[in-house]
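Participant: Below is the structure I would like to discuss, written out as C-alpha cells.
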Amino acid sequence: MMEGAKRVQGISTSMIRKMFEMAQKMKGREVISLGLGEPDFDTPKSLCDEAYKAMLEGFTHYTSNFGIPELREKLAEKYTRENGFEVTPENVMVTVGACEALMITALSLFEEGSKIIIPSPSFVGYYGYASLTGCRVVDLITTDEDEFEVNPDTLNEVASKDISFMLVNSPNNPTGAVISEDKVKAIAEIAEDNDIWIISDEVYEKIVYDRPHTSFGKYYDKVITIGAFSKTFAMTGWRVGYVIAREDLIEKMLRVHQYNGVCAPAFAQKAIANVLDTDMAFVGEMVSEFRRRRDLVVKRLNEMNGISCVKPHGAFYVFPRVSGTGMDGEEFAMKLFDDKGVVVVPGGAFGPENEGFIRISYATSYERLERAMNLMEEFVNENKR
Ligand SMILES: Cc1ncc(COP(=O)(O)O)c(C=O)c1O
C-alpha cells in the first residue's frame with residue numbers, strides 16, 4: 001500500500017466521518033444520527049431563486065480570485081456595521097467555504113515549526129492544518145467548569161512570545177460555547193502582549209441564543225477572521241466562505257488560493273450578495289427552533305444518571321460529560337450505537353483531555369431528538385455500573 005507523503009501521515013480520517021459511514025451501513029435498522037455538523041433545514045428558497053437567476057444571467061464562469069466585487073463590498077459593510085471593526089472590500093477574499101479559508105491561512109502564513117495555540121476541544125480540522133504545515137500545537141484545555149470558554153488565566157500560563165498563532169472558535173464546535181465580550185477583550189490583550197496572531201473562526205456567529213457574539217477583530221488588529229454562509233443559511237453544499245485580514249496578508253493567501261480553490265461558485269456568490277442585506281427571517285426561525293431543541297437536550301441529559309451537560313449559548317452542539325456512567329466517551333458512543341442505533345461522536349476526537357465526553361449535534365428534528373433522548377436514557381439505565 002502506498003503510504004502517501006509524510007505530511008499526510010499525521011492526519012487521521014475524521015472520527016465523525018467514520019461514525020457517519022457506520023450509520024449509513026446499518027440498513028434496515030432505525031438509526032438516529034446526532035453526529036453531523038450541519039443544519040437540517042433547507043437552504044431558503046429566496047437564495048435558490050437568486051442562484052437560478054444568477055445562472056441565467058451568466059454567473060457560471062470563474063470569478064475574480066478575490067470574489068465578486070458586490071459580495072466583497074457587502075461583507076465589508078456588514079463587518080464595519082455589525083461586528084465593530086472597520087473592513088474594506090480589499091480586506092475580504094471569498095473562498096470555497098470556511099475550510100478553504102482556514103487552509104489557505106495555514107499554508108500561506110504558518111511556518112514549519114511555528115507554535116500555534118489550539119484550544120481543546122476544537123473543530124477537528126484545526127489539528128489537520130497544523131499537522132500539514134508542520135506546526136507545533138500548544139494545547140489550551142477548556143473545561144466544563146468554565147462552560148468551555150477560553151479562560152484568560154489559563155491562556156496566560158501558556159502564552160509566550162515564541163508562539164506565533166492562536167486559533168479561536170466562538171460560538172464553538174464541539175461545545176457550543178460563546179466567549180463573552182469581557183473574555184474576548186482579555187484574550188485579545190494577552191495576544192497583543194505576546195504578539196500572537198489570532199485566527200478567529202466565526203462561522204457560527206449568527207447561531208447564538210442568550211449571549212451575543214463578539215468578534216475578536218473588535219479588540220485587536222492582528223486578527224484573521226474566518227466566516228462562511230454554510231451554517232447561517234443552511235447551505236453547506238454551496239461552498240462559500242471568506243477570510244477577512246489585512247491587505248498584505250490577503251495578498252499572501254491569494255498565492256495559494258489562486259491554485260487551490262480559485263473561486264467560490266459564481267452563482268452562489270451572486271445569490272448571497274443579493275440577499276445579504278435583505279430581511280432573512282429564516283435565520284431567526286432556525287435559531288429559535290435550535291434553541292427549543294437545545295433546551296430539550298440539555299434538560300434530558302442532565303436528568304440521566306452519570307451525565308452532566310453545560311447549557312451552551314450557541315452553535316447546535318452540546319458536549320456532555322459521560323464519564324460518570326463508568327464509560328469513557330468512546331465506549332459510550334460505540335455501545336450506544338450498537339445497542340440503540342443512536343450516533344454520537346466520542347469527545348476524544350476533538351483533542352486531548354476530552355475522553356470523558358461525547359458531542360451531540362441537535363441539528364435533527366425535535367421528534368427524533370426526543371426519541372434519541374429516550375433511547376439514551378434506556379441505555380444509561382441498562383448500563384449502570
Ligand atoms: C468551527 C468550524 N469551522 C469551519 C467549518 C467549515 O465550514 P465550511 O463548510 O464553510 O467549510 C466548520 C464545519 O463544520 C466548523 O464547525
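Identifiers in the C-alpha cells: chain A, B, ... in order shown; residue index from 1 per chain; ligand index from 1 in order shown.
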Chain A near ligand 1 within 8 Å: what's each residue's closest atom pair and its distance in Å to one decimal, counting only C-alpha atoms and all ligand atoms, ordered by chain then ascending residue number, as CSV?
Facilitator:
residue,atom,partner,partner_atom_place_in_ligand_line,distance
A:Gly37,CA,ligand 1,14 (O),5.1
A:Glu38,CA,ligand 1,14 (O),6.7
A:Val96,CA,ligand 1,11 (O),6.9
A:Gly97,CA,ligand 1,10 (O),3.6
A:Ala98,CA,ligand 1,11 (O),3.8
A:Cys99,CA,ligand 1,11 (O),3.8
A:Glu100,CA,ligand 1,11 (O),6.5
A:Ala101,CA,ligand 1,11 (O),7.9
A:Leu102,CA,ligand 1,4 (C),7.6
A:Ser122,CA,ligand 1,1 (C),7.6
A:Phe123,CA,ligand 1,1 (C),5.2
A:Gly125,CA,ligand 1,3 (N),7.7
A:Asn169,CA,ligand 1,1 (C),6.0
A:Asn172,CA,ligand 1,1 (C),6.2
A:Asn173,CA,ligand 1,1 (C),5.1
A:Pro174,CA,ligand 1,16 (O),7.5
A:Asp201,CA,ligand 1,3 (N),6.0
A:Glu202,CA,ligand 1,1 (C),7.3
A:Val203,CA,ligand 1,3 (N),5.9
A:Tyr204,CA,ligand 1,1 (C),7.3
A:Gly227,CA,ligand 1,10 (O),7.3
A:Ala228,CA,ligand 1,10 (O),4.9
A:Phe229,CA,ligand 1,10 (O),6.5
A:Ser230,CA,ligand 1,10 (O),4.8
A:Lys231,CA,ligand 1,10 (O),7.3
A:Thr236,CA,ligand 1,9 (O),5.1
A:Gly237,CA,ligand 1,9 (O),7.5
A:Arg239,CA,ligand 1,10 (O),6.2
A:Val240,CA,ligand 1,10 (O),6.3
A:Gly241,CA,ligand 1,10 (O),5.4
Participant: Got time to write the residues from that selection, N, CA, C and O atoms, as a short mmCIF file (atom, residue, chain, number, x, y, z; two decimals), in the first residue's frame?
Facilitator:
data_model
loop_
_atom_site.label_atom_id
_atom_site.label_comp_id
_atom_site.auth_asym_id
_atom_site.auth_seq_id
_atom_site.Cartn_x
_atom_site.Cartn_y
_atom_site.Cartn_z
N GLY A 37 -22.37 17.84 11.54
CA GLY A 37 -22.34 19.27 11.87
C GLY A 37 -22.92 20.16 10.80
O GLY A 37 -22.24 21.05 10.31
N GLU A 38 -24.18 19.94 10.44
CA GLU A 38 -24.80 20.90 9.52
C GLU A 38 -26.28 21.05 9.82
O GLU A 38 -26.92 20.09 10.26
N VAL A 96 -13.70 28.95 -0.92
CA VAL A 96 -14.57 27.78 -1.08
C VAL A 96 -14.90 27.25 0.33
O VAL A 96 -14.27 26.32 0.83
N GLY A 97 -15.84 27.88 0.97
CA GLY A 97 -16.21 27.53 2.34
C GLY A 97 -15.15 28.03 3.33
O GLY A 97 -14.08 28.52 2.93
N ALA A 98 -15.50 27.89 4.62
CA ALA A 98 -14.54 28.29 5.65
C ALA A 98 -13.32 27.38 5.64
O ALA A 98 -12.22 27.80 5.99
N CYS A 99 -13.52 26.13 5.23
CA CYS A 99 -12.39 25.18 5.24
C CYS A 99 -11.26 25.69 4.34
O CYS A 99 -10.09 25.62 4.71
N GLU A 100 -11.62 26.19 3.15
CA GLU A 100 -10.55 26.68 2.29
C GLU A 100 -9.91 27.93 2.89
O GLU A 100 -8.69 28.13 2.79
N ALA A 101 -10.73 28.77 3.52
CA ALA A 101 -10.17 29.97 4.16
C ALA A 101 -9.14 29.58 5.23
O ALA A 101 -8.07 30.17 5.33
N LEU A 102 -9.47 28.55 6.01
CA LEU A 102 -8.54 28.08 7.04
C LEU A 102 -7.28 27.47 6.41
O LEU A 102 -6.16 27.71 6.86
N SER A 122 -11.65 21.20 20.13
CA SER A 122 -11.71 22.07 18.95
C SER A 122 -12.27 21.32 17.75
O SER A 122 -12.23 20.09 17.71
N PHE A 123 -12.69 22.11 16.78
CA PHE A 123 -13.05 21.58 15.45
C PHE A 123 -11.87 20.72 14.97
O PHE A 123 -10.73 21.19 15.00
N GLY A 125 -10.63 19.86 12.24
CA GLY A 125 -9.81 20.35 11.13
C GLY A 125 -8.55 21.10 11.59
O GLY A 125 -7.51 21.03 10.94
N ASN A 169 -12.50 29.79 18.31
CA ASN A 169 -13.74 29.48 17.60
C ASN A 169 -14.91 29.70 18.55
O ASN A 169 -15.16 28.91 19.44
N ASN A 172 -18.71 27.85 19.46
CA ASN A 172 -17.75 26.76 19.30
C ASN A 172 -18.36 25.43 18.84
O ASN A 172 -19.41 25.02 19.27
N ASN A 173 -17.62 24.79 17.98
CA ASN A 173 -17.81 23.39 17.66
C ASN A 173 -16.63 22.69 18.32
O ASN A 173 -15.50 23.06 18.02
N PRO A 174 -16.80 21.78 19.23
CA PRO A 174 -17.97 20.95 19.53
C PRO A 174 -18.75 21.31 20.78
O PRO A 174 -19.65 20.56 21.15
N ASP A 201 -12.28 31.90 14.07
CA ASP A 201 -13.24 31.18 13.22
C ASP A 201 -14.64 31.49 13.76
O ASP A 201 -15.02 31.02 14.83
N GLU A 202 -15.39 32.29 13.00
CA GLU A 202 -16.69 32.77 13.48
C GLU A 202 -17.84 32.26 12.61
O GLU A 202 -18.84 32.95 12.40
N VAL A 203 -17.70 31.02 12.13
CA VAL A 203 -18.72 30.52 11.20
C VAL A 203 -20.11 30.35 11.83
O VAL A 203 -21.10 30.32 11.13
N TYR A 204 -20.16 30.26 13.17
CA TYR A 204 -21.47 30.10 13.82
C TYR A 204 -21.98 31.43 14.39
O TYR A 204 -22.83 31.44 15.27
N GLY A 227 -15.04 33.34 8.08
CA GLY A 227 -16.51 33.27 8.11
C GLY A 227 -17.03 32.41 6.98
O GLY A 227 -16.26 31.98 6.10
N ALA A 228 -18.33 32.16 7.00
CA ALA A 228 -18.94 31.36 5.93
C ALA A 228 -20.45 31.53 6.01
O ALA A 228 -20.98 32.00 7.02
N PHE A 229 -21.12 31.14 4.95
CA PHE A 229 -22.59 31.18 4.92
C PHE A 229 -23.16 29.79 5.17
O PHE A 229 -24.37 29.62 5.27
N SER A 230 -22.27 28.81 5.25
CA SER A 230 -22.67 27.40 5.32
C SER A 230 -23.72 27.12 6.39
O SER A 230 -24.72 26.46 6.14
N LYS A 231 -23.46 27.64 7.60
CA LYS A 231 -24.35 27.32 8.72
C LYS A 231 -25.48 28.35 8.80
O LYS A 231 -26.63 27.98 9.03
N THR A 236 -24.39 24.36 3.35
CA THR A 236 -23.04 23.77 3.43
C THR A 236 -22.54 23.28 2.07
O THR A 236 -21.35 23.31 1.80
N GLY A 237 -23.49 22.83 1.23
CA GLY A 237 -23.08 22.27 -0.06
C GLY A 237 -22.77 23.32 -1.12
O GLY A 237 -22.28 22.98 -2.20
N ARG A 239 -20.66 25.88 -0.76
CA ARG A 239 -19.23 26.15 -0.61
C ARG A 239 -18.85 27.62 -0.78
O ARG A 239 -18.09 27.98 -1.69
N VAL A 240 -19.39 28.45 0.09
CA VAL A 240 -18.96 29.85 0.08
C VAL A 240 -18.56 30.29 1.50
O VAL A 240 -19.36 30.21 2.43
N GLY A 241 -17.32 30.70 1.62
CA GLY A 241 -16.82 31.24 2.88
C GLY A 241 -15.95 32.45 2.56
O GLY A 241 -15.93 32.92 1.41
#
Participant: Could you give me, as a count of residues only, each residue of region 15-237 of chain A that DSSP assigns to strand (DSSP E) when run on this structure's backbone?
Facilitator: 36
Participant: Could you pull the residues within 8 Å of Val8 (chain A), counting only C-alpha atoms, minus those fewer than 3 positions along the same chain, as a list of chain:residue names?
Facilitator: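 Residues near the query, excluding close chain neighbours: A:Gly4, A:Ala5, A:Ile11, A:Ser131, A:Leu132.
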Participant: Need to verify the contact set: region 111-116 of chain A, 8 Å, only C-alpha atoms, exclusion of same-chain residues closer than 4 positions in sequence. Can you return it as an NGL selection string?
Facilitator: :A and (130 or 133-138 or 162-167)
Participant: Keeping C-alpha atoms for every residue in the selection just given, could you write it to a file as a JSON list (two decimals), in the first residue's frame?
Facilitator:
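Produced file out_26.json, reproduced below:
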[["chain", "number", "residue", "atom", "x", "y", "z"],
["A", 130, "ALA", "CA", -1.30, 22.35, 11.98],
["A", 133, "THR", "CA", 2.13, 22.70, 7.81],
["A", 134, "GLY", "CA", 4.46, 21.12, 10.38],
["A", 135, "CYS", "CA", 3.34, 23.43, 13.17],
["A", 136, "ARG", "CA", 3.73, 22.57, 16.83],
["A", 137, "VAL", "CA", 0.43, 22.58, 18.69],
["A", 138, "VAL", "CA", 0.29, 24.17, 22.13],
["A", 162, "ASP", "CA", 7.61, 32.32, 20.83],
["A", 163, "ILE", "CA", 4.03, 31.41, 19.93],
["A", 164, "SER", "CA", 3.00, 32.72, 16.53],
["A", 165, "PHE", "CA", -0.72, 31.99, 16.25],
["A", 166, "MET", "CA", -3.79, 31.12, 18.23],
["A", 167, "LEU", "CA", -6.97, 29.63, 16.83]]
Participant: Near Ile190 (chain A), counting only C-alpha atoms, which residues have an atom at most 9 Å away, once you skip same-chain residues fewer than 3 positions from it, shown as a list in words?
Facilitator: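 After dropping sequence-adjacent residues, the list is Pro152, Leu155, Asn156, Ala159, Lys185, Ala186, Ile187, Asp193, Asn194, Asp195 and Ile196 of chain A.
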Participant: Which residues are close to region 268-278 of chain A, i.e. within 10 Å by only C-alpha atoms, leaving aside same-chain residues fewer than 6 positions away? Reply as an MDAnalysis selection string.
Facilitator: chainID A and resid 46:55 59:60 63 67:75 77:78 94:95 229 233 235 238:241
Participant: DSSP on the backbone, then: every residue of region 58-221 of chain A marked helix (DSSP H, G or I), written as JSON, numbers by chain.
Facilitator: {"A": [69, 70, 71, 72, 73, 74, 75, 76, 77, 78, 79, 80, 81, 82, 83, 89, 90, 91, 97, 98, 99, 100, 101, 102, 103, 104, 105, 106, 107, 108, 109, 125, 126, 127, 128, 129, 130, 131, 132, 144, 145, 146, 152, 153, 154, 155, 156, 157, 158, 181, 182, 183, 184, 185, 186, 187, 188, 189, 190, 191, 192, 193, 216, 217, 218]}
Participant: Ranking A:Arg385, A:Arg291, A:His313, A:Arg300 by minimum distance to Met373 (chain A) and counting only C-alpha atoms, which one comes first?
Facilitator: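 Once distances to Met373 (chain A) are computed over only C-alpha atoms, the minimum belongs to A:Arg300.
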Participant: Using Å and a single decimal, report how far CA of Val168 (chain A) sits from CA of Trp197 (chain A).
Facilitator: 10.6 Å
Participant: Looking at A:Leu369, A:Met334, A:Ala349, A:Ile244, which one is nearest to Ala23 (chain A), with distances taken over only C-alpha atoms?
Facilitator: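 Checking each of A:Leu369, A:Met334, A:Ala349, A:Ile244 against Ala23 (chain A), counting only C-alpha atoms, the winner is A:Met334.
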Participant: Between CA of Thr105 (chain A) and CA of Met253 (chain A), measure the distance and give it in Å to one decimal.
Facilitator: 6.2 Å
Participant: I'd like the interatomic distance between CA of Gly314 (chain A) and CA of Glu82 (chain A), to a tenth of an Å.
Facilitator: 17.8 Å
Participant: Can you tell me, as a list in words, what residues are no more than 7 Å from Glu247 (chain A) when counting only C-alpha atoms, ignoring any on the same chain fewer than 2 positions away?
Facilitator: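 The contact residues come out as Glu90, Asn91, Ala245, Leu249, Ile250 and Glu251 of chain A.
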Participant: Deliver the residues from the most recent selection as a file, using C-alpha atoms, as a PDB file, in the first residue's frame.
Facilitator:
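Below is the file out.pdb, written as the result:
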ATOM      1  CA  GLU A  90      -9.722  44.882  -0.116  1.00  0.00           C
ATOM      2  CA  ASN A  91      -9.627  43.103   3.254  1.00  0.00           C
ATOM      3  CA  ALA A 245      -7.480  40.167   7.021  1.00  0.00           C
ATOM      4  CA  LEU A 249      -1.964  39.008   4.313  1.00  0.00           C
ATOM      5  CA  ILE A 250      -4.725  38.689   1.724  1.00  0.00           C
ATOM      6  CA  GLU A 251      -2.015  39.020  -0.917  1.00  0.00           C
TER       7      GLU A 251
END
